[in-house]
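Data block below; observations after.
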Amino acid sequence: MFKKVLPLSSILFLRFLGLFLVLPVLSVYALDLEGATPFLVGVVVGGYALTQAVFQVPFGSMSDKIGRKPTILFGLLIFLVGSLICAYSTDIYTLMIGRFLQGAGAIGSVVTAMIADLVEEKQRGHAMAIMGGFIAMSFAAAMALGPVIAAEFGISVIFVITAILSLVAIVILFTKVPTPPKIKHIYHGKTKTADILKDPNLLSMIIINAMQKGLMTAAFVIIPVFLTKPEYGFGWEKSDLWMVYVPAMIAGLVAMGPAAVFGEKRNIPKQIFLVSIVLFIASFVMMGTTSSSAVFVTAVIFFFVAFNMMEPLVQSMISKFAKVHQKGAALGIANSAAYFATFLGGTFAGLYLDASSRETLGLTIGAIGLLWLIWTLLKMKNPTRYSHLIIPQNEVDFDKLNALESEHIAEWFINETEHVVVIKYATEKLEEETLKAQIIK
């Protein structure tokens with residue numbers, strides 16, 4: 001399983017490393033560009049996410065039709081071009097165009113869907129945790145390297161590095177990534193966006209994913225500006241930002257493992273999400289109201305712990321709740337909503353910096369987080385435990401299978417490559433031998 005997940009996780013690592021390298025410093029460096037305002041800087045920080053939101057669903061649907069690999073290649077090439085435009089921009093508007101183009105290479109949902117294609121259901125949680133771990137490692141590396149590279153060579157060099165990382169990812173895609181099996185789906189209708197949004201479990205995860213990512217960009221507008229601009233009371237040097245990001249990221253990595261284990265193995269993702277939301281609320285309220293550097297650093301640690309506790313579980317839960325023919329579209333919708341929230345988070349934070357105080361910004365985000373906490377507490381449910389019954393295709397009586405109606409069978413489909421029928425059923429409600437006896441010739 002690890003050999004299947006490693007190349008795709010490496011591609012995400014390289015792409016997210018390119019994105020994250022600029023996050024800890026982009027807001028303070030962009031403020032020095034011609035035409036920059038706090039609001040426009042907020043748009044630049046989250047701008048890539050707006051085009052991600054627009055193209056996530058088309059990329060996910062396209063990957064279901066033409067294949068995952070060609071779609072990922074197309075997205076990486078677009079990301080490369082956008083990175084080069086950012087590297088050579090001299091004003092805020094050119095930088096904004098480059099960031100928008102970076103986001104148009106919307107491959108996140110496609111890579112996640114491909115991992116789900118390659119890995120069995122019972123291993124999917126572990127696979128998603130590995131993927132989340134690689135993203136978290138890219139986060140950690142970026143938090144340490146980004147401020148140092150920007151201080152020594154300028155932020156343009158970071159964007160050139162991002163373009164080079166895209167080329168490396170393309171090489172990995174065509175030399176190391178296996179081709180997923182071609183799967184024939186047996187359903188009476190096509191995938192519709194409305195069907196995905198009507199599923200309460202998928203809708204819950206879409207909202208959680210969006211809130212998490214929106215708070216991420218809000219934080220990366222707030223943290224470097226608050227720490228480095230004297231008017232906010234701290235006056236750190238830009239090159240010292242790694243001193244807060246690295247320990248915060250280490251704490252996040254330490255928290256991620258137990259959160260993934262408890263969320264997956266004990267099937268309590270709701271409880272993990274509730275703890276994370278409380279930490280998010282505390283983080284932003286503390287950042288907005290404290291005058292102590294130690295308390296502010298503690299707040300940043302809370303933020304990274306909350307983010308990393310959620311990260312591996314969100315993608316795994318979406319893959320679990322989506323039917324196999326919905327994977328690409330469902331992950332596309334979820335990531336589209338998340339990236340749209342990412343854009344709004346950065347823009348909202350920049351707008352508030354323009355028009356309001358640090359305290360008001362922190363308390364406003366805290367209030368939004370409280371509403372999120374209440375909604376999650378009342379509406380979210382832990383998932384049903386499912387397993388897969390895999391039977392050779394020539395042993396199945398399809399008349400019996402088509403006639404079989406049970407609320408405990410989530411879906412079934414044919415894997416044409418391996419010539420097997422896969423039936424997803426609720427393990428706590430239906431015994432494997434009983435189910436098998438009902439459909440065998």
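Chain identifiers are assigned as A, B, and so on, following the order in which chains appear in the structure tokens; residues are numbered from 1 within each chain, and ligands are numbered from 1 in order of appearance.
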Contacts of Ser10 of chain A within 9 Å, only C-alpha atoms, excl. fewer than 6 positions in-chain, as a PyMOL selection string: chain A and resi 131+134-135+169+172
Given the selection you just returned, output its residues as a file containing C-alpha atoms, formatted as a short mmCIF file (atom, residue, chain, number, x, y, z; two decimals), in the first residue's frame.
```cif
data_model
loop_
_atom_site.label_atom_id
_atom_site.label_comp_id
_atom_site.auth_asym_id
_atom_site.auth_seq_id
_atom_site.Cartn_x
_atom_site.Cartn_y
_atom_site.Cartn_z
CA MET A 131 -0.96 11.81 2.38
CA PHE A 134 3.35 14.47 3.57
CA ILE A 135 1.35 17.69 3.31
CA ALA A 169 6.49 16.35 -9.73
CA ILE A 172 7.52 11.41 -10.61
#
```
Taking a cut-off of 7 Å and counting only C-alpha atoms, can you build a table that, for each residue of segment 261-356 of chain A near segment 369-383 of chain A, reports the nearest atom pair and how far apart they are in Å (one decimal), sorted by chain then residue number, as CSV?
```
residue,atom,partner,partner_atom,distance
A:Asn267,CA,A:Asn382,CA,6.7
A:Ile268,CA,A:Asn382,CA,6.0
A:Pro269,CA,A:Asn382,CA,6.3
A:Lys270,CA,A:Asn382,CA,5.8
A:Leu274,CA,A:Leu373,CA,6.5
A:Ile277,CA,A:Leu373,CA,6.1
A:Ile281,CA,A:Gly369,CA,5.5
```
Within 12 Å of segment 142-149 of chain A using only C-alpha atoms, minus same-chain residues under 6 positions, as JSON, numbers by chain: {"A": [13, 14, 15, 16, 17, 18, 19, 20, 21, 22, 23, 24, 25, 26, 27, 28, 29, 135, 136, 155, 156, 157, 158, 159, 160, 161, 162, 220, 224, 228, 237, 238, 239, 240, 241, 242, 243, 244, 245, 246, 247, 248, 249, 250, 304]}
Segment 37-46 of chain A environment, 6 Å, only C-alpha atoms, sequence neighbours closer than 3 positions dropped, as an MDAnalysis selection string: chainID A and resid 27 49 96 342:343 346:347 350:351 354
Using only C-alpha atoms: which of A:Val254, A:Val314, A:Val54, A:Ala349 has the shortest distance to Gln212 of chain A: A:Val314
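Across A:Gln102, A:Leu344, A:Lys429, A:Lys441, the tightest approach to Glu395 of chain A is made by A:Lys441 when counting only C-alpha atoms.
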Nearest candidate to Asn201 of chain A (options A:Ile318, A:Leu430, A:Leu77, A:Leu353; using only C-alpha atoms): A:Ile318
Of the listed residues A:Gln315, A:Thr217, A:Thr427, A:Thr290, that which approaches His388 of chain A most closely, counting only C-alpha atoms: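 Distance minimum relative to His388 of chain A lands on A:Thr427.
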Contact residues around Ala337 of chain A with only C-alpha atoms at 9 Å, ignoring same-chain residues under 5 positions, as a list of chain:residue names: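 Close residues of Ala337 of chain A: A:Ala53, A:Gln56, A:Ile206, A:Ile207, A:Asn209, A:Ala210, A:Gly332, A:Thr342.
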Residues within 9 Å of segment 259-262 of chain A, only C-alpha atoms, excluding chain neighbours under 5 positions, as a PyMOL selection string: chain A and resi 125-126+129+267-269+272+308-313
Written file, previous selection with N, CA and C atoms, as a PDB file, in the first residue's frame:
```
ATOM      1  N   GLY A 125      -8.011   4.888   5.209  1.00  0.00           N
ATOM      2  CA  GLY A 125      -7.728   5.834   6.280  1.00  0.00           C
ATOM      3  C   GLY A 125      -6.236   6.001   6.502  1.00  0.00           C
ATOM      4  N   HIS A 126      -5.513   4.864   6.486  1.00  0.00           N
ATOM      5  CA  HIS A 126      -4.060   4.905   6.640  1.00  0.00           C
ATOM      6  C   HIS A 126      -3.418   5.645   5.471  1.00  0.00           C
ATOM      7  N   ALA A 129      -3.973   9.282   5.820  1.00  0.00           N
ATOM      8  CA  ALA A 129      -3.113   9.800   6.886  1.00  0.00           C
ATOM      9  C   ALA A 129      -1.688  10.002   6.386  1.00  0.00           C
ATOM     10  N   ASN A 267     -13.265   5.272  15.244  1.00  0.00           N
ATOM     11  CA  ASN A 267     -14.422   5.814  14.528  1.00  0.00           C
ATOM     12  C   ASN A 267     -15.075   6.980  15.274  1.00  0.00           C
ATOM     13  N   ILE A 268     -14.239   7.932  15.744  1.00  0.00           N
ATOM     14  CA  ILE A 268     -14.777   9.103  16.447  1.00  0.00           C
ATOM     15  C   ILE A 268     -14.257  10.403  15.814  1.00  0.00           C
ATOM     16  N   PRO A 269     -14.373  10.556  14.497  1.00  0.00           N
ATOM     17  CA  PRO A 269     -13.891  11.801  13.891  1.00  0.00           C
ATOM     18  C   PRO A 269     -14.621  13.038  14.396  1.00  0.00           C
ATOM     19  N   ILE A 272     -12.877  14.412  17.394  1.00  0.00           N
ATOM     20  CA  ILE A 272     -11.606  15.033  17.009  1.00  0.00           C
ATOM     21  C   ILE A 272     -11.857  16.411  16.402  1.00  0.00           C
ATOM     22  N   ASN A 308      -3.671  20.414  11.914  1.00  0.00           N
ATOM     23  CA  ASN A 308      -3.108  19.097  11.615  1.00  0.00           C
ATOM     24  C   ASN A 308      -3.936  17.955  12.179  1.00  0.00           C
ATOM     25  N   MET A 309      -4.681  18.181  13.247  1.00  0.00           N
ATOM     26  CA  MET A 309      -5.588  17.152  13.740  1.00  0.00           C
ATOM     27  C   MET A 309      -6.699  16.875  12.733  1.00  0.00           C
ATOM     28  N   MET A 310      -7.151  17.912  12.054  1.00  0.00           N
ATOM     29  CA  MET A 310      -8.234  17.764  11.082  1.00  0.00           C
ATOM     30  C   MET A 310      -7.764  17.198   9.749  1.00  0.00           C
ATOM     31  N   GLU A 311      -6.575  17.574   9.313  1.00  0.00           N
ATOM     32  CA  GLU A 311      -6.167  17.384   7.919  1.00  0.00           C
ATOM     33  C   GLU A 311      -6.324  15.951   7.397  1.00  0.00           C
ATOM     34  N   PRO A 312      -5.774  14.924   8.054  1.00  0.00           N
ATOM     35  CA  PRO A 312      -5.897  13.579   7.473  1.00  0.00           C
ATOM     36  C   PRO A 312      -7.314  13.030   7.523  1.00  0.00           C
ATOM     37  N   LEU A 313      -8.103  13.444   8.507  1.00  0.00           N
ATOM     38  CA  LEU A 313      -9.450  12.903   8.669  1.00  0.00           C
ATOM     39  C   LEU A 313     -10.430  13.456   7.648  1.00  0.00           C
TER      40      LEU A 313
END
```
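Using only C-alpha atoms, the nearest neighbour of Ala104 of chain A within the list A:Val5, A:Gly345, A:Tyr339, A:Ala163 is A:Tyr339.
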Which of segment 227-354 of chain A fall in alpha helix (DSSP H), as a ChimeraX atom specification: /A:227-228,242-265,269-289,293-321,327-354
Extract, using only C-alpha atoms, all DNA, RNA and protein residues at most 7 Å from segment 105-107 of chain A, discarding same-chain residues fewer than 6 positions from it, and format them as a PDB file with N, CA and C atoms, in the first residue's frame.
```pdb
ATOM      1  N   GLN A  52      -8.757  27.872  -7.778  1.00  0.00           N
ATOM      2  CA  GLN A  52      -8.885  26.482  -7.344  1.00  0.00           C
ATOM      3  C   GLN A  52     -10.358  26.131  -7.170  1.00  0.00           C
ATOM      4  N   PHE A  55     -12.043  25.618 -10.577  1.00  0.00           N
ATOM      5  CA  PHE A  55     -11.601  24.498 -11.413  1.00  0.00           C
ATOM      6  C   PHE A  55     -11.562  23.145 -10.709  1.00  0.00           C
ATOM      7  N   GLN A  56     -11.814  23.084  -9.396  1.00  0.00           N
ATOM      8  CA  GLN A  56     -11.779  21.790  -8.714  1.00  0.00           C
ATOM      9  C   GLN A  56     -12.794  20.809  -9.289  1.00  0.00           C
ATOM     10  N   PHE A  59     -11.919  19.725 -12.908  1.00  0.00           N
ATOM     11  CA  PHE A  59     -10.770  18.814 -12.894  1.00  0.00           C
ATOM     12  C   PHE A  59     -11.172  17.440 -12.359  1.00  0.00           C
ATOM     13  N   ILE A  72      -3.700  15.373 -13.981  1.00  0.00           N
ATOM     14  CA  ILE A  72      -2.669  15.865 -13.062  1.00  0.00           C
ATOM     15  C   ILE A  72      -1.560  16.584 -13.827  1.00  0.00           C
ATOM     16  N   GLY A  75      -2.685  20.059 -14.832  1.00  0.00           N
ATOM     17  CA  GLY A  75      -2.705  20.958 -13.684  1.00  0.00           C
ATOM     18  C   GLY A  75      -1.320  21.408 -13.254  1.00  0.00           C
ATOM     19  N   LEU A  76      -0.352  20.499 -13.286  1.00  0.00           N
ATOM     20  CA  LEU A  76       1.016  20.853 -12.893  1.00  0.00           C
ATOM     21  C   LEU A  76       1.643  21.850 -13.864  1.00  0.00           C
ATOM     22  N   ILE A  78       0.025  24.149 -15.647  1.00  0.00           N
ATOM     23  CA  ILE A  78      -0.584  25.455 -15.368  1.00  0.00           C
ATOM     24  C   ILE A  78       0.039  26.073 -14.122  1.00  0.00           C
ATOM     25  N   PHE A  79       0.236  25.254 -13.090  1.00  0.00           N
ATOM     26  CA  PHE A  79       0.839  25.728 -11.849  1.00  0.00           C
ATOM     27  C   PHE A  79       2.250  26.255 -12.090  1.00  0.00           C
TER      28      PHE A  79
END
```
Length of the atom CA of Ile440 of chain A to atom CA of Val324 of chain A vector [Å]: 22.6 Å
Separation of atom CA of Lys65 of chain A from atom CA of Ile164 of chain A in Å: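 It comes out at 29.0 Å.
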